[in-house]
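Working notes, structure below.
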Protein chains: 2
Amino acid sequence: MVKKLLSVLKGEPAQVPPVWLMRQAGRYLPEYRALRANAKDFVQFCLTPDLAVEVTLQPVRRFDLDAAILFADILLVPHALGQKVWFAEGEGPRLEPIRDAAGLAKLAYRAELLAPVMQTIKGVRAALSERAALIGFAGSPWTVATYMIEGQGGTDHENIRKLAWSEPKLFAQLMDVLVDATSSYLIAQADAGAEALQLFESWAGTVPAGLFERAVLEPTARIVNAVKARHPQVPVIGFPRGAGGWIGRYAQETGVDGIGVDQMTDIAAIKTTKALQGNLDPILLLQGGDGLRDAARKLVTAMAGRPFIFNLGHGVMQPTPPGHVAELVAAIRA
Amino acid sequence: MVKKLLSVLKGEPAQVPPVWLMRQAGRYLPEYRALRANAKDFVQFCLTPDLAVEVTLQPVRRFDLDAAILFADILLVPHALGQKVWFAEGEGPRLEPIRDAAGLAKLAYRAELLAPVMQTIKGVRAALSERAALIGFAGSPWTVATYMIEGQGGTDHENIRKLAWSEPKLFAQLMDVLVDATSSYLIAQADAGAEALQLFESWAGTVPAGLFERAVLEPTARIVNAVKARHPQVPVIGFPRGAGGWIGRYAQETGVDGIGVDQMTDIAAIKTTKALQGNLDPILLLQGGDGLRDAARKLVTAMAGRPFIFNLGHGVMQPTPPGHVAELVAAIRA
């Protein structure tokens with residue numbers, strides 16, 4: 001019996017769409033906060049298999065979702081490349097920014113630093129329900145590079161845009177480093193038992209048009225190719241958040257099996273036969289009630305007959321009452 | 001002799017595209033900073049015709065641009081509606097946020113508060129070169145409402161999304177108030193001598209898909225209709241920044257004559273016969289040199305034969321050396 005998420009990613013529509021939620025494991029769950037409270041450092045929290053297995057399983061256990069997503073962080077790759085990464089309480093991630101060739105030359109991917117992630121994957125697979133598929137993930141090169149160059153999340157990404165425009169060779173080298181590291185990391189995740197993989201391009205919306213091929217389309221295609229060469233059966237979902245008018249080319253040119261869609265995009269209007277995943281506004285989940293149920297049904301109806309995975313358009317918001325997730329899943333399956 | 005900007009907005013391609021730049025009047029110019037230094041309050045600075053005329057003309061004088069854009073601010077409309085608006089140094093705009101029906105009920109548009117803007121327009125028209133057209137402007141309802149509800153710029157716009165989803169009637173009322181005020185304001189600008197009008201939808205990129213019609217397409221269409229009813233010859237440019245995949249419908253359904261395009265969008269790939277305006281990455285203007293000239297020429301070539309207005313994809317960045325603007329204009333006209 002093929003898990004529903006995987007058959008949808010092969011292009012087969014489901015009567016009732018499979019459902020999982022970005023950031024389904026996280027601070028909105030009291031059982032997550034209880035575990036997190038005892039662990040000071042977030043990177044080490046992600047790299048402690050017992051904790052990461054438990055946190056990955058928490059939402060699947062509570063809500064009987066169609067997928068578990070590995071509990072980890074897209075900044076584990078810069079960490080494994082030797083860049084200093086830390087999470088300041090209430091401030092989001094911080095990194096010692098890289099701005100020049102010397103900083104870039106120091107980067108070297110040490111796969112062994114991420115070995116605990118592979119243990120987590122094995123632990124989750126051993127405990128997972130028959131319904132739920134395990135999704136591994138990584139950040140896409142532009143998005144990860146943005147953090148590496150800016151030193152934080154930010155919104156305008158001026159430093160990486162400056163670098164990409166004025167030092168195209170250095171930028172290409174950085175993309176190469178990230179394509180190689182990310183490919184290795186995802187292949188290792190599939191080796192360990194990840195049944196699908198998602199590439200988070202969270203900052204696709206800030207890429208200037210003249211850089212989109214070099215920054216997003218080509219690096220993503222190279223990673224997908226590398227993963228498919230080793231694991232042709234493992235589907236890859238790309239999530240180019242904010243990509244807007246680029247979604248068509250992203251779907252055609254990167255080789256992904258499914259496309260994650262943000263809540264700003266008219267998902268039903270996307271012309272593709274590939275699987276689409278999304279895109280309820282997380283605000284609706286936060287608010288709950290009739291508004292949530294109506295919007296969920298409307299989305300399911302709009303995507304009927306197409307290969308579709310129900311998800312949010314972005315992560316679960318921290319103040320979301322867990323009961324709303326149960327309501328959402330019930331509405332989708334009603 | 002019709003000014004080039006205006007003939008392009010009628011759909012006629014120009015051999016050499018007209019050029020102006022968003023935020024061409026502003027802090028990157030020393031002559032602007034000199035005037036601004038003596039004026040404490042930014043709202044009053046905008047509402048002092050002598051100063052606003054001079055500041056509007058400064059970049060046109062320096063760079064012989066094809067358009068002047070009225071020096072004003074999109075938050076003058078909330079100001080004229082009775083909302084408290086102020087600009088904290090280095091922090092961006094702040095407003096006393098409106099969150100409920102009682103706050104909304106207090107709003108009443110007082111056109112006389114914006115009479116100085118009309119004096120500014122008259123003053124600019126009297127002094128403007130034969131080449132340059134005067135563009136008036138306002139913020140679009142969703143974008144202005146975002147500031148009014150959030151109380152600041154922000155990035156996630158959670159409060160307005162909550163309000164729009166959970167209180168659709170209140171949200172519709174707010175859109176009505178803004179459609180009416182903005183229409184009156186723009187009609188008055190055209191009465192005073194504005195030769196084209198631009199609607200800034202700076203936050204189009206955060207509108208959830210299920211709200212886009214109600215928040216962007218319909219309010220914009222109503223304003224354009226109202227303006228055209230009084231001034232059928234005054235072209236309207238809509239700038240839905242971050243609208244991505246919605247640009248096609250925005251071009252078809254709002255009635256605008258031209259579409260402003262952000263730097264994230266592949267402008268040459270937009271299928272429309274309407275005028276397009278954009279979309280050089282402001283970072284390239286900041287950096288100057290060969291990168292700027294090459295990108296400018298590439299953009300001009302890509303848009304050759306189409307009705308096209310050269311602009312940036314967003315405003316001039318404050319640290320931009322003014323000499324780079326001169327270089328850009330020379331490269332476009334070479």
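Residue numbering restarts at 1 for every chain of the structure tokens, chains are lettered A, B, ... in their displayed order, and ligands are numbered from 1 as they appear.
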TODO: Would you give me, as an NGL selection string, the residues of chain A that come within 6 Å of chain B, using only C-alpha atoms?
DONE: :A and (207-209 or 244-245 or 263-266)
TODO: Compute the post-superposition RMSD of the C-alpha atoms of chain B relative to chain A, with atoms paired in order and the fit done by least squares.
DONE: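 Rounded to one decimal, the C-alpha RMSD is 0.0 Å.
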- [ ] Can you pull out every residue within 10 Å of Leu113 of chain B, counting only C-alpha atoms, but drop anything in the same chain fewer than 2 positions away, and send it as a list of chain:residue names?
- [x]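 Residues meeting the cut-off are B:Leu47, B:Leu76, B:Val77, B:His79, B:Ala80, B:Leu81, B:Gly82, B:Tyr109, B:Arg110, B:Ala111, B:Ala115, B:Pro116, B:Val117.
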TODO: Using DSSP on the backbone coordinates, identify all residues within segment 131-328 of chain B classified as strand (DSSP E or B); present the result as a PyMOL selection string.
DONE: chain B and resi 133-139+196-201+236-240+258-260+275-280+308-312
Selected residues written out, C-alpha atoms, as a PDB file, in the first residue's frame:
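This went into result_13.pdb:
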```pdb
ATOM      1  CA  ALA B 133       5.490  65.212 -17.114  1.00  0.00           C
ATOM      2  CA  LEU B 134       4.196  65.642 -13.581  1.00  0.00           C
ATOM      3  CA  ILE B 135       3.014  62.433 -11.925  1.00  0.00           C
ATOM      4  CA  GLY B 136       0.680  62.665  -8.956  1.00  0.00           C
ATOM      5  CA  PHE B 137       0.156  59.649  -6.721  1.00  0.00           C
ATOM      6  CA  ALA B 138      -1.556  57.952  -3.831  1.00  0.00           C
ATOM      7  CA  GLY B 139      -1.267  54.652  -2.020  1.00  0.00           C
ATOM      8  CA  ALA B 196      -0.438  61.170 -14.889  1.00  0.00           C
ATOM      9  CA  LEU B 197      -1.229  59.379 -11.632  1.00  0.00           C
ATOM     10  CA  GLN B 198       0.414  56.423  -9.929  1.00  0.00           C
ATOM     11  CA  LEU B 199      -1.199  54.099  -7.399  1.00  0.00           C
ATOM     12  CA  PHE B 200       1.390  52.522  -5.114  1.00  0.00           C
ATOM     13  CA  GLU B 201       0.358  49.046  -3.961  1.00  0.00           C
ATOM     14  CA  VAL B 236      -3.030  55.876 -14.357  1.00  0.00           C
ATOM     15  CA  ILE B 237      -0.061  53.668 -13.535  1.00  0.00           C
ATOM     16  CA  GLY B 238      -0.626  50.889 -10.996  1.00  0.00           C
ATOM     17  CA  PHE B 239       2.388  49.527  -9.130  1.00  0.00           C
ATOM     18  CA  PRO B 240       1.463  46.240  -7.431  1.00  0.00           C
ATOM     19  CA  GLY B 258       0.463  51.252 -17.226  1.00  0.00           C
ATOM     20  CA  ILE B 259       1.857  48.713 -14.783  1.00  0.00           C
ATOM     21  CA  GLY B 260       4.813  49.382 -12.534  1.00  0.00           C
ATOM     22  CA  ALA B 275       2.760  50.205 -20.910  1.00  0.00           C
ATOM     23  CA  LEU B 276       5.205  48.624 -18.474  1.00  0.00           C
ATOM     24  CA  GLN B 277       7.380  50.621 -16.125  1.00  0.00           C
ATOM     25  CA  GLY B 278      10.412  49.307 -14.264  1.00  0.00           C
ATOM     26  CA  ASN B 279      12.355  47.425 -13.067  1.00  0.00           C
ATOM     27  CA  LEU B 280      16.089  47.769 -12.488  1.00  0.00           C
ATOM     28  CA  PHE B 308       8.111  51.026 -21.821  1.00  0.00           C
ATOM     29  CA  ILE B 309       9.079  53.529 -19.121  1.00  0.00           C
ATOM     30  CA  PHE B 310      12.487  53.045 -17.573  1.00  0.00           C
ATOM     31  CA  ASN B 311      12.424  53.013 -13.785  1.00  0.00           C
ATOM     32  CA  LEU B 312      13.764  51.065 -10.850  1.00  0.00           C
TER      33      LEU B 312
END
```
- [ ] Name the residues in contact with Gly153 of chain A at a cut-off of 9 Å, using only C-alpha atoms, excluding same-chain residues fewer than 4 positions from it; report them as a ChimeraX atom specification.
- [x] /A:92-94,146-147,157
With C-alpha atoms retained, write the just-selected residues as a compact mmCIF listing (two decimals), in the first residue's frame.
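Okay, this is what ended up in again_7.txt:
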```
# COMPACT_ATOMS: atom_id res chain seq x y z
CA GLY A 92 15.69 34.46 15.14
CA PRO A 93 18.88 32.90 13.82
CA ARG A 94 22.25 34.62 13.73
CA THR A 146 21.07 34.72 2.18
CA TYR A 147 21.43 33.76 5.82
CA HIS A 157 18.83 40.99 1.48
```
